[in-house]
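Trainee: Supplied structure: data.txt, compact mmCIF, N, CA and C atoms.
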# COMPACT_ATOMS: atom_id res chain seq x y z
N MET O 1 -4.34 -13.12 8.88
CA MET O 1 -3.46 -13.58 7.82
C MET O 1 -3.12 -15.04 8.10
N HIS O 2 -3.27 -15.89 7.09
CA HIS O 2 -3.01 -17.32 7.20
C HIS O 2 -1.98 -17.71 6.15
N ARG O 3 -0.93 -18.44 6.57
CA ARG O 3 0.12 -18.85 5.63
C ARG O 3 0.25 -20.36 5.58
N LYS O 4 0.60 -20.85 4.38
CA LYS O 4 0.85 -22.27 4.19
C LYS O 4 1.85 -22.42 3.06
N LEU O 5 2.77 -23.38 3.19
CA LEU O 5 3.75 -23.67 2.15
C LEU O 5 3.43 -25.00 1.51
N ASP O 6 3.50 -25.05 0.18
CA ASP O 6 3.37 -26.30 -0.56
C ASP O 6 4.67 -26.52 -1.32
N LYS O 7 5.31 -27.67 -1.09
CA LYS O 7 6.53 -27.97 -1.82
C LYS O 7 6.59 -29.48 -2.02
N ASP O 8 7.01 -29.87 -3.21
CA ASP O 8 7.23 -31.30 -3.46
C ASP O 8 8.50 -31.45 -4.26
N GLU O 9 8.69 -32.60 -4.86
CA GLU O 9 9.92 -32.92 -5.57
C GLU O 9 10.11 -32.13 -6.87
N THR O 10 9.18 -31.30 -7.23
CA THR O 10 9.27 -30.57 -8.50
C THR O 10 10.28 -29.43 -8.45
N GLY O 11 10.64 -28.97 -7.26
CA GLY O 11 11.52 -27.82 -7.16
C GLY O 11 10.77 -26.51 -7.14
N LEU O 12 9.44 -26.57 -7.16
CA LEU O 12 8.62 -25.37 -7.08
C LEU O 12 8.10 -25.24 -5.65
N LEU O 13 8.29 -24.07 -5.08
CA LEU O 13 7.77 -23.78 -3.75
C LEU O 13 6.65 -22.76 -3.91
N ILE O 14 5.51 -23.04 -3.31
CA ILE O 14 4.38 -22.12 -3.36
C ILE O 14 3.99 -21.77 -1.93
N GLN O 15 4.04 -20.48 -1.63
CA GLN O 15 3.62 -19.99 -0.32
C GLN O 15 2.26 -19.32 -0.50
N HIS O 16 1.31 -19.73 0.32
CA HIS O 16 -0.05 -19.18 0.28
C HIS O 16 -0.25 -18.29 1.51
N THR O 17 -0.73 -17.08 1.30
CA THR O 17 -1.07 -16.18 2.40
C THR O 17 -2.40 -15.53 2.09
N GLN O 18 -3.32 -15.63 3.03
CA GLN O 18 -4.63 -15.02 2.85
C GLN O 18 -4.70 -13.77 3.71
N TYR O 19 -4.86 -12.63 3.06
CA TYR O 19 -5.06 -11.35 3.72
C TYR O 19 -6.56 -11.04 3.69
N PRO O 20 -7.02 -10.06 4.46
CA PRO O 20 -8.44 -9.73 4.43
C PRO O 20 -8.93 -9.28 3.04
N THR O 21 -8.03 -8.67 2.25
CA THR O 21 -8.46 -8.11 0.96
C THR O 21 -7.90 -8.83 -0.26
N ALA O 22 -7.05 -9.85 -0.05
CA ALA O 22 -6.44 -10.53 -1.21
C ALA O 22 -5.88 -11.89 -0.80
N TYR O 23 -5.79 -12.76 -1.78
CA TYR O 23 -5.13 -14.05 -1.62
C TYR O 23 -3.80 -13.94 -2.35
N VAL O 24 -2.71 -14.22 -1.65
CA VAL O 24 -1.37 -14.05 -2.22
C VAL O 24 -0.69 -15.40 -2.35
N MET O 25 -0.15 -15.64 -3.55
CA MET O 25 0.70 -16.82 -3.78
C MET O 25 2.07 -16.32 -4.18
N VAL O 26 3.10 -16.85 -3.51
CA VAL O 26 4.48 -16.56 -3.86
C VAL O 26 5.06 -17.82 -4.48
N LEU O 27 5.55 -17.71 -5.72
CA LEU O 27 6.13 -18.86 -6.41
C LEU O 27 7.65 -18.71 -6.42
N ARG O 28 8.35 -19.78 -6.02
CA ARG O 28 9.81 -19.80 -6.01
C ARG O 28 10.28 -21.04 -6.74
N GLY O 29 11.32 -20.86 -7.56
CA GLY O 29 11.88 -22.00 -8.28
C GLY O 29 11.50 -21.91 -9.75
N ALA O 30 10.96 -22.99 -10.27
CA ALA O 30 10.59 -23.04 -11.69
C ALA O 30 9.37 -23.93 -11.87
N THR O 31 8.54 -23.55 -12.84
CA THR O 31 7.40 -24.40 -13.18
C THR O 31 7.78 -25.28 -14.36
N GLY O 32 7.14 -26.39 -14.45
CA GLY O 32 7.38 -27.34 -15.53
C GLY O 32 6.38 -28.47 -15.42
N PRO O 33 6.51 -29.48 -16.28
CA PRO O 33 5.53 -30.57 -16.29
C PRO O 33 5.34 -31.26 -14.94
N ALA O 34 6.40 -31.40 -14.17
CA ALA O 34 6.29 -32.09 -12.88
C ALA O 34 5.49 -31.28 -11.86
N ALA O 35 5.36 -29.98 -12.07
CA ALA O 35 4.66 -29.12 -11.11
C ALA O 35 3.19 -28.90 -11.47
N GLY O 36 2.71 -29.53 -12.51
CA GLY O 36 1.34 -29.29 -12.99
C GLY O 36 0.27 -29.49 -11.94
N HIS O 37 0.31 -30.61 -11.22
CA HIS O 37 -0.72 -30.88 -10.20
C HIS O 37 -0.63 -29.87 -9.06
N GLN O 38 0.59 -29.50 -8.70
CA GLN O 38 0.80 -28.54 -7.63
C GLN O 38 0.20 -27.17 -8.02
N LEU O 39 0.43 -26.75 -9.26
CA LEU O 39 -0.14 -25.48 -9.73
C LEU O 39 -1.66 -25.54 -9.79
N ASP O 40 -2.20 -26.64 -10.31
CA ASP O 40 -3.66 -26.79 -10.38
C ASP O 40 -4.27 -26.62 -8.99
N ALA O 41 -3.71 -27.32 -8.01
CA ALA O 41 -4.24 -27.26 -6.64
C ALA O 41 -4.11 -25.85 -6.07
N ALA O 42 -3.00 -25.20 -6.32
CA ALA O 42 -2.77 -23.85 -5.78
C ALA O 42 -3.77 -22.85 -6.36
N PHE O 43 -4.00 -22.89 -7.66
CA PHE O 43 -4.93 -21.95 -8.27
C PHE O 43 -6.38 -22.27 -7.92
N ARG O 44 -6.71 -23.55 -7.73
CA ARG O 44 -8.06 -23.90 -7.27
C ARG O 44 -8.29 -23.35 -5.87
N ARG O 45 -7.30 -23.52 -5.02
CA ARG O 45 -7.39 -23.02 -3.64
C ARG O 45 -7.57 -21.51 -3.62
N ALA O 46 -6.80 -20.80 -4.45
CA ALA O 46 -6.90 -19.34 -4.52
C ALA O 46 -8.29 -18.93 -4.99
N ALA O 47 -8.80 -19.59 -6.02
CA ALA O 47 -10.13 -19.26 -6.54
C ALA O 47 -11.21 -19.51 -5.49
N ALA O 48 -11.05 -20.57 -4.70
CA ALA O 48 -12.04 -20.90 -3.68
C ALA O 48 -12.09 -19.84 -2.58
N SER O 49 -11.03 -19.07 -2.42
CA SER O 49 -11.02 -18.03 -1.39
C SER O 49 -12.01 -16.91 -1.71
N GLY O 50 -12.31 -16.73 -3.01
CA GLY O 50 -13.20 -15.66 -3.42
C GLY O 50 -12.59 -14.27 -3.38
N LEU O 51 -11.30 -14.20 -3.08
CA LEU O 51 -10.60 -12.92 -2.98
C LEU O 51 -9.84 -12.61 -4.26
N PRO O 52 -9.53 -11.33 -4.51
CA PRO O 52 -8.64 -11.01 -5.63
C PRO O 52 -7.30 -11.72 -5.43
N LEU O 53 -6.67 -12.11 -6.52
CA LEU O 53 -5.43 -12.89 -6.45
C LEU O 53 -4.22 -12.03 -6.80
N ILE O 54 -3.20 -12.15 -5.96
CA ILE O 54 -1.90 -11.55 -6.22
C ILE O 54 -0.90 -12.70 -6.29
N VAL O 55 -0.13 -12.76 -7.39
CA VAL O 55 0.90 -13.79 -7.53
C VAL O 55 2.25 -13.11 -7.60
N ASP O 56 3.11 -13.46 -6.64
CA ASP O 56 4.46 -12.91 -6.58
C ASP O 56 5.39 -13.83 -7.35
N LEU O 57 5.94 -13.31 -8.45
CA LEU O 57 6.81 -14.09 -9.33
C LEU O 57 8.27 -13.67 -9.22
N ALA O 58 8.61 -12.82 -8.26
CA ALA O 58 9.97 -12.27 -8.15
C ALA O 58 11.03 -13.36 -7.97
N ALA O 59 10.69 -14.47 -7.34
CA ALA O 59 11.66 -15.54 -7.11
C ALA O 59 11.46 -16.73 -8.05
N LEU O 60 10.72 -16.51 -9.14
CA LEU O 60 10.48 -17.58 -10.11
C LEU O 60 11.51 -17.49 -11.22
N ASP O 61 12.23 -18.58 -11.43
CA ASP O 61 13.30 -18.61 -12.43
C ASP O 61 12.79 -18.90 -13.84
N PHE O 62 11.70 -19.67 -13.94
CA PHE O 62 11.17 -20.06 -15.24
C PHE O 62 9.68 -20.29 -15.12
N ALA O 63 8.92 -19.82 -16.11
CA ALA O 63 7.47 -20.01 -16.15
C ALA O 63 7.11 -20.77 -17.42
N ASP O 64 6.48 -21.93 -17.26
CA ASP O 64 6.07 -22.70 -18.44
C ASP O 64 4.69 -22.26 -18.91
N GLU O 65 4.23 -22.89 -19.99
CA GLU O 65 2.94 -22.50 -20.58
C GLU O 65 1.76 -22.84 -19.67
N GLU O 66 1.90 -23.84 -18.81
CA GLU O 66 0.80 -24.16 -17.89
C GLU O 66 0.60 -23.04 -16.87
N LEU O 67 1.70 -22.52 -16.33
CA LEU O 67 1.56 -21.39 -15.41
C LEU O 67 0.94 -20.20 -16.13
N LEU O 68 1.41 -19.93 -17.34
CA LEU O 68 0.85 -18.82 -18.11
C LEU O 68 -0.66 -19.01 -18.31
N SER O 69 -1.08 -20.22 -18.57
CA SER O 69 -2.51 -20.51 -18.73
C SER O 69 -3.27 -20.20 -17.44
N HIS O 70 -2.73 -20.61 -16.30
CA HIS O 70 -3.38 -20.31 -15.01
C HIS O 70 -3.44 -18.80 -14.78
N LEU O 71 -2.37 -18.10 -15.09
CA LEU O 71 -2.34 -16.65 -14.90
C LEU O 71 -3.36 -15.95 -15.79
N LEU O 72 -3.46 -16.40 -17.04
CA LEU O 72 -4.43 -15.80 -17.96
C LEU O 72 -5.86 -16.04 -17.48
N HIS O 73 -6.14 -17.25 -17.01
CA HIS O 73 -7.48 -17.55 -16.49
C HIS O 73 -7.77 -16.69 -15.26
N ALA O 74 -6.80 -16.59 -14.35
CA ALA O 74 -7.00 -15.78 -13.15
C ALA O 74 -7.18 -14.30 -13.51
N HIS O 75 -6.49 -13.85 -14.53
CA HIS O 75 -6.63 -12.47 -14.99
C HIS O 75 -8.08 -12.20 -15.40
N GLN O 76 -8.71 -13.17 -16.03
CA GLN O 76 -10.09 -13.02 -16.50
C GLN O 76 -11.11 -13.15 -15.38
N THR O 77 -10.77 -13.88 -14.32
CA THR O 77 -11.78 -14.21 -13.32
C THR O 77 -11.58 -13.61 -11.94
N SER O 78 -10.37 -13.18 -11.58
CA SER O 78 -10.17 -12.79 -10.18
C SER O 78 -9.40 -11.50 -9.97
N GLY O 79 -9.31 -10.66 -10.97
CA GLY O 79 -8.60 -9.40 -10.77
C GLY O 79 -7.14 -9.61 -10.46
N LEU O 80 -6.48 -10.47 -11.18
CA LEU O 80 -5.09 -10.84 -10.94
C LEU O 80 -4.16 -9.64 -11.00
N GLN O 81 -3.23 -9.62 -10.04
CA GLN O 81 -2.11 -8.68 -10.05
C GLN O 81 -0.84 -9.49 -9.81
N LEU O 82 0.25 -9.05 -10.41
CA LEU O 82 1.53 -9.74 -10.26
C LEU O 82 2.52 -8.87 -9.52
N VAL O 83 3.48 -9.53 -8.87
CA VAL O 83 4.57 -8.85 -8.18
C VAL O 83 5.87 -9.32 -8.82
N GLY O 84 6.76 -8.38 -9.07
CA GLY O 84 8.07 -8.67 -9.66
C GLY O 84 9.16 -8.13 -8.76
N PRO O 85 10.33 -7.93 -9.29
CA PRO O 85 10.65 -7.92 -10.71
C PRO O 85 10.66 -9.34 -11.28
N LEU O 86 10.39 -9.43 -12.56
CA LEU O 86 10.34 -10.72 -13.24
C LEU O 86 11.73 -11.09 -13.75
N SER O 87 12.07 -12.37 -13.66
CA SER O 87 13.33 -12.85 -14.20
C SER O 87 13.31 -12.73 -15.73
N ALA O 88 14.46 -12.74 -16.34
CA ALA O 88 14.54 -12.62 -17.80
C ALA O 88 13.75 -13.72 -18.51
N PRO O 89 13.84 -15.00 -18.10
CA PRO O 89 13.05 -16.03 -18.78
C PRO O 89 11.53 -15.82 -18.64
N VAL O 90 11.08 -15.33 -17.49
CA VAL O 90 9.64 -15.08 -17.30
C VAL O 90 9.22 -13.89 -18.16
N GLN O 91 10.03 -12.84 -18.19
CA GLN O 91 9.73 -11.69 -19.05
C GLN O 91 9.64 -12.13 -20.51
N ARG O 92 10.58 -12.98 -20.93
CA ARG O 92 10.59 -13.46 -22.31
C ARG O 92 9.32 -14.24 -22.63
N ARG O 93 8.89 -15.12 -21.74
CA ARG O 93 7.66 -15.90 -21.94
C ARG O 93 6.48 -14.96 -22.13
N PHE O 94 6.37 -13.95 -21.28
CA PHE O 94 5.26 -13.00 -21.38
C PHE O 94 5.34 -12.20 -22.67
N ARG O 95 6.53 -11.77 -23.04
CA ARG O 95 6.70 -10.94 -24.24
C ARG O 95 6.39 -11.74 -25.51
N VAL O 96 6.93 -12.95 -25.62
CA VAL O 96 6.76 -13.78 -26.81
C VAL O 96 5.31 -14.17 -27.02
N THR O 97 4.59 -14.40 -25.94
CA THR O 97 3.19 -14.83 -26.05
C THR O 97 2.23 -13.65 -26.15
N GLY O 98 2.72 -12.44 -25.94
CA GLY O 98 1.86 -11.28 -25.97
C GLY O 98 1.16 -11.01 -24.65
N ALA O 99 1.43 -11.81 -23.64
CA ALA O 99 0.76 -11.66 -22.35
C ALA O 99 1.29 -10.47 -21.55
N ALA O 100 2.46 -9.97 -21.89
CA ALA O 100 3.06 -8.87 -21.12
C ALA O 100 2.15 -7.66 -21.05
N THR O 101 1.38 -7.41 -22.09
CA THR O 101 0.51 -6.23 -22.11
C THR O 101 -0.75 -6.42 -21.26
N LEU O 102 -1.06 -7.64 -20.87
CA LEU O 102 -2.26 -7.91 -20.08
C LEU O 102 -2.08 -7.71 -18.59
N PHE O 103 -0.86 -7.93 -18.11
CA PHE O 103 -0.62 -7.98 -16.67
C PHE O 103 -0.05 -6.68 -16.12
N THR O 104 -0.49 -6.32 -14.92
CA THR O 104 0.13 -5.26 -14.16
C THR O 104 1.13 -5.92 -13.22
N VAL O 105 2.39 -5.49 -13.27
CA VAL O 105 3.42 -6.05 -12.41
C VAL O 105 3.85 -4.96 -11.43
N HIS O 106 3.61 -5.21 -10.15
CA HIS O 106 3.96 -4.27 -9.10
C HIS O 106 5.40 -4.53 -8.63
N PRO O 107 6.08 -3.51 -8.13
CA PRO O 107 7.47 -3.68 -7.70
C PRO O 107 7.62 -4.49 -6.41
N ASP O 108 6.56 -4.54 -5.60
CA ASP O 108 6.61 -5.32 -4.35
C ASP O 108 5.18 -5.61 -3.88
N LEU O 109 5.09 -6.46 -2.88
CA LEU O 109 3.77 -6.88 -2.38
C LEU O 109 2.99 -5.72 -1.79
N ALA O 110 3.67 -4.82 -1.09
CA ALA O 110 2.97 -3.68 -0.49
C ALA O 110 2.25 -2.87 -1.56
N ALA O 111 2.90 -2.64 -2.68
CA ALA O 111 2.27 -1.89 -3.77
C ALA O 111 1.07 -2.64 -4.34
N ALA O 112 1.17 -3.95 -4.44
CA ALA O 112 0.06 -4.76 -4.97
C ALA O 112 -1.14 -4.77 -4.02
N LEU O 113 -0.87 -4.70 -2.74
CA LEU O 113 -1.94 -4.73 -1.74
C LEU O 113 -2.61 -3.37 -1.54
N THR O 114 -1.97 -2.30 -2.02
CA THR O 114 -2.52 -0.96 -1.87
C THR O 114 -3.62 -0.72 -2.89
N PRO O 115 -4.81 -0.33 -2.41
CA PRO O 115 -5.92 -0.11 -3.36
C PRO O 115 -5.69 1.08 -4.28
Give the structure from the file, written as structure tokens.

Mentor:
Amino acid sequence: MHRKLDKDETGLLIQHTQYPTAYVMVLRGATGPAAGHQLDAAFRRAAASGLPLIVDLAALDFADEELLSHLLHAHQTSGLQLVGPLSAPVQRRFRVTGAATLFTVHPDLAAALTP
């Protein structure tokens, strides 16, 4: 298992952990225009691992449309699974865009890692 934290002035913290069977990203804070480059780099790194992707959104206060775009792309390409519970603003974003029906949200990381 390998861990790395990415944080900059955007207020978004991304923790990367590579397990033998999955690549896990934990997002804390909020996404927005200032975090765009950070998100791009994080999702490129996850894709390069070649592993299924798990994104933990339990500590995410707000998800913008760019994050939603990355999640939708990962859903199509890497067997994306999400970890919650989701905050009310994140739930609203998923519900309003219709994305809520696409994602499986697990109650915790252990459940997401269980085959």

Trainee: Take the point (8.8, -22.5, -11.7) as written in the file and pick out every residue within 6 Å of it, counting all atoms listed in the file; give the list as a list in words.

Mentor: Leu12, Arg28, Gly29, Ala30, Thr31, Gly32, Leu60, Asp61, Phe62 and Ala63 of chain O

Trainee: Just want the 6.5 Å neighbourhood of Pro107 of chain O, counted on only N, CA and C atoms, with same-chain residues fewer than 5 positions away dropped. Output as number ranges by chain.

Mentor: O: 83-85, 112

Trainee: Quote the spacing between atom C of Gly50 of chain O and atom CA of Met25 of chain O in Å to one decimal place.

Mentor: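 Distance reported for this atom pair: 13.5 Å.
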
Trainee: Using only C-alpha atoms, which of the listed residues (O:Leu71, O:Leu51, O:Ala59, O:Ala100) sits closest to Ala22 of chain O?

Mentor: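 Selected residue with least distance to Ala22 of chain O: O:Leu51.
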
Trainee: Atom CA of Ile14 of chain O and atom CA of Gly98 of chain O, how far apart in Å?

Mentor: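 Atom CA of Ile14 of chain O lies at a distance of 25.2 Å from atom CA of Gly98 of chain O.
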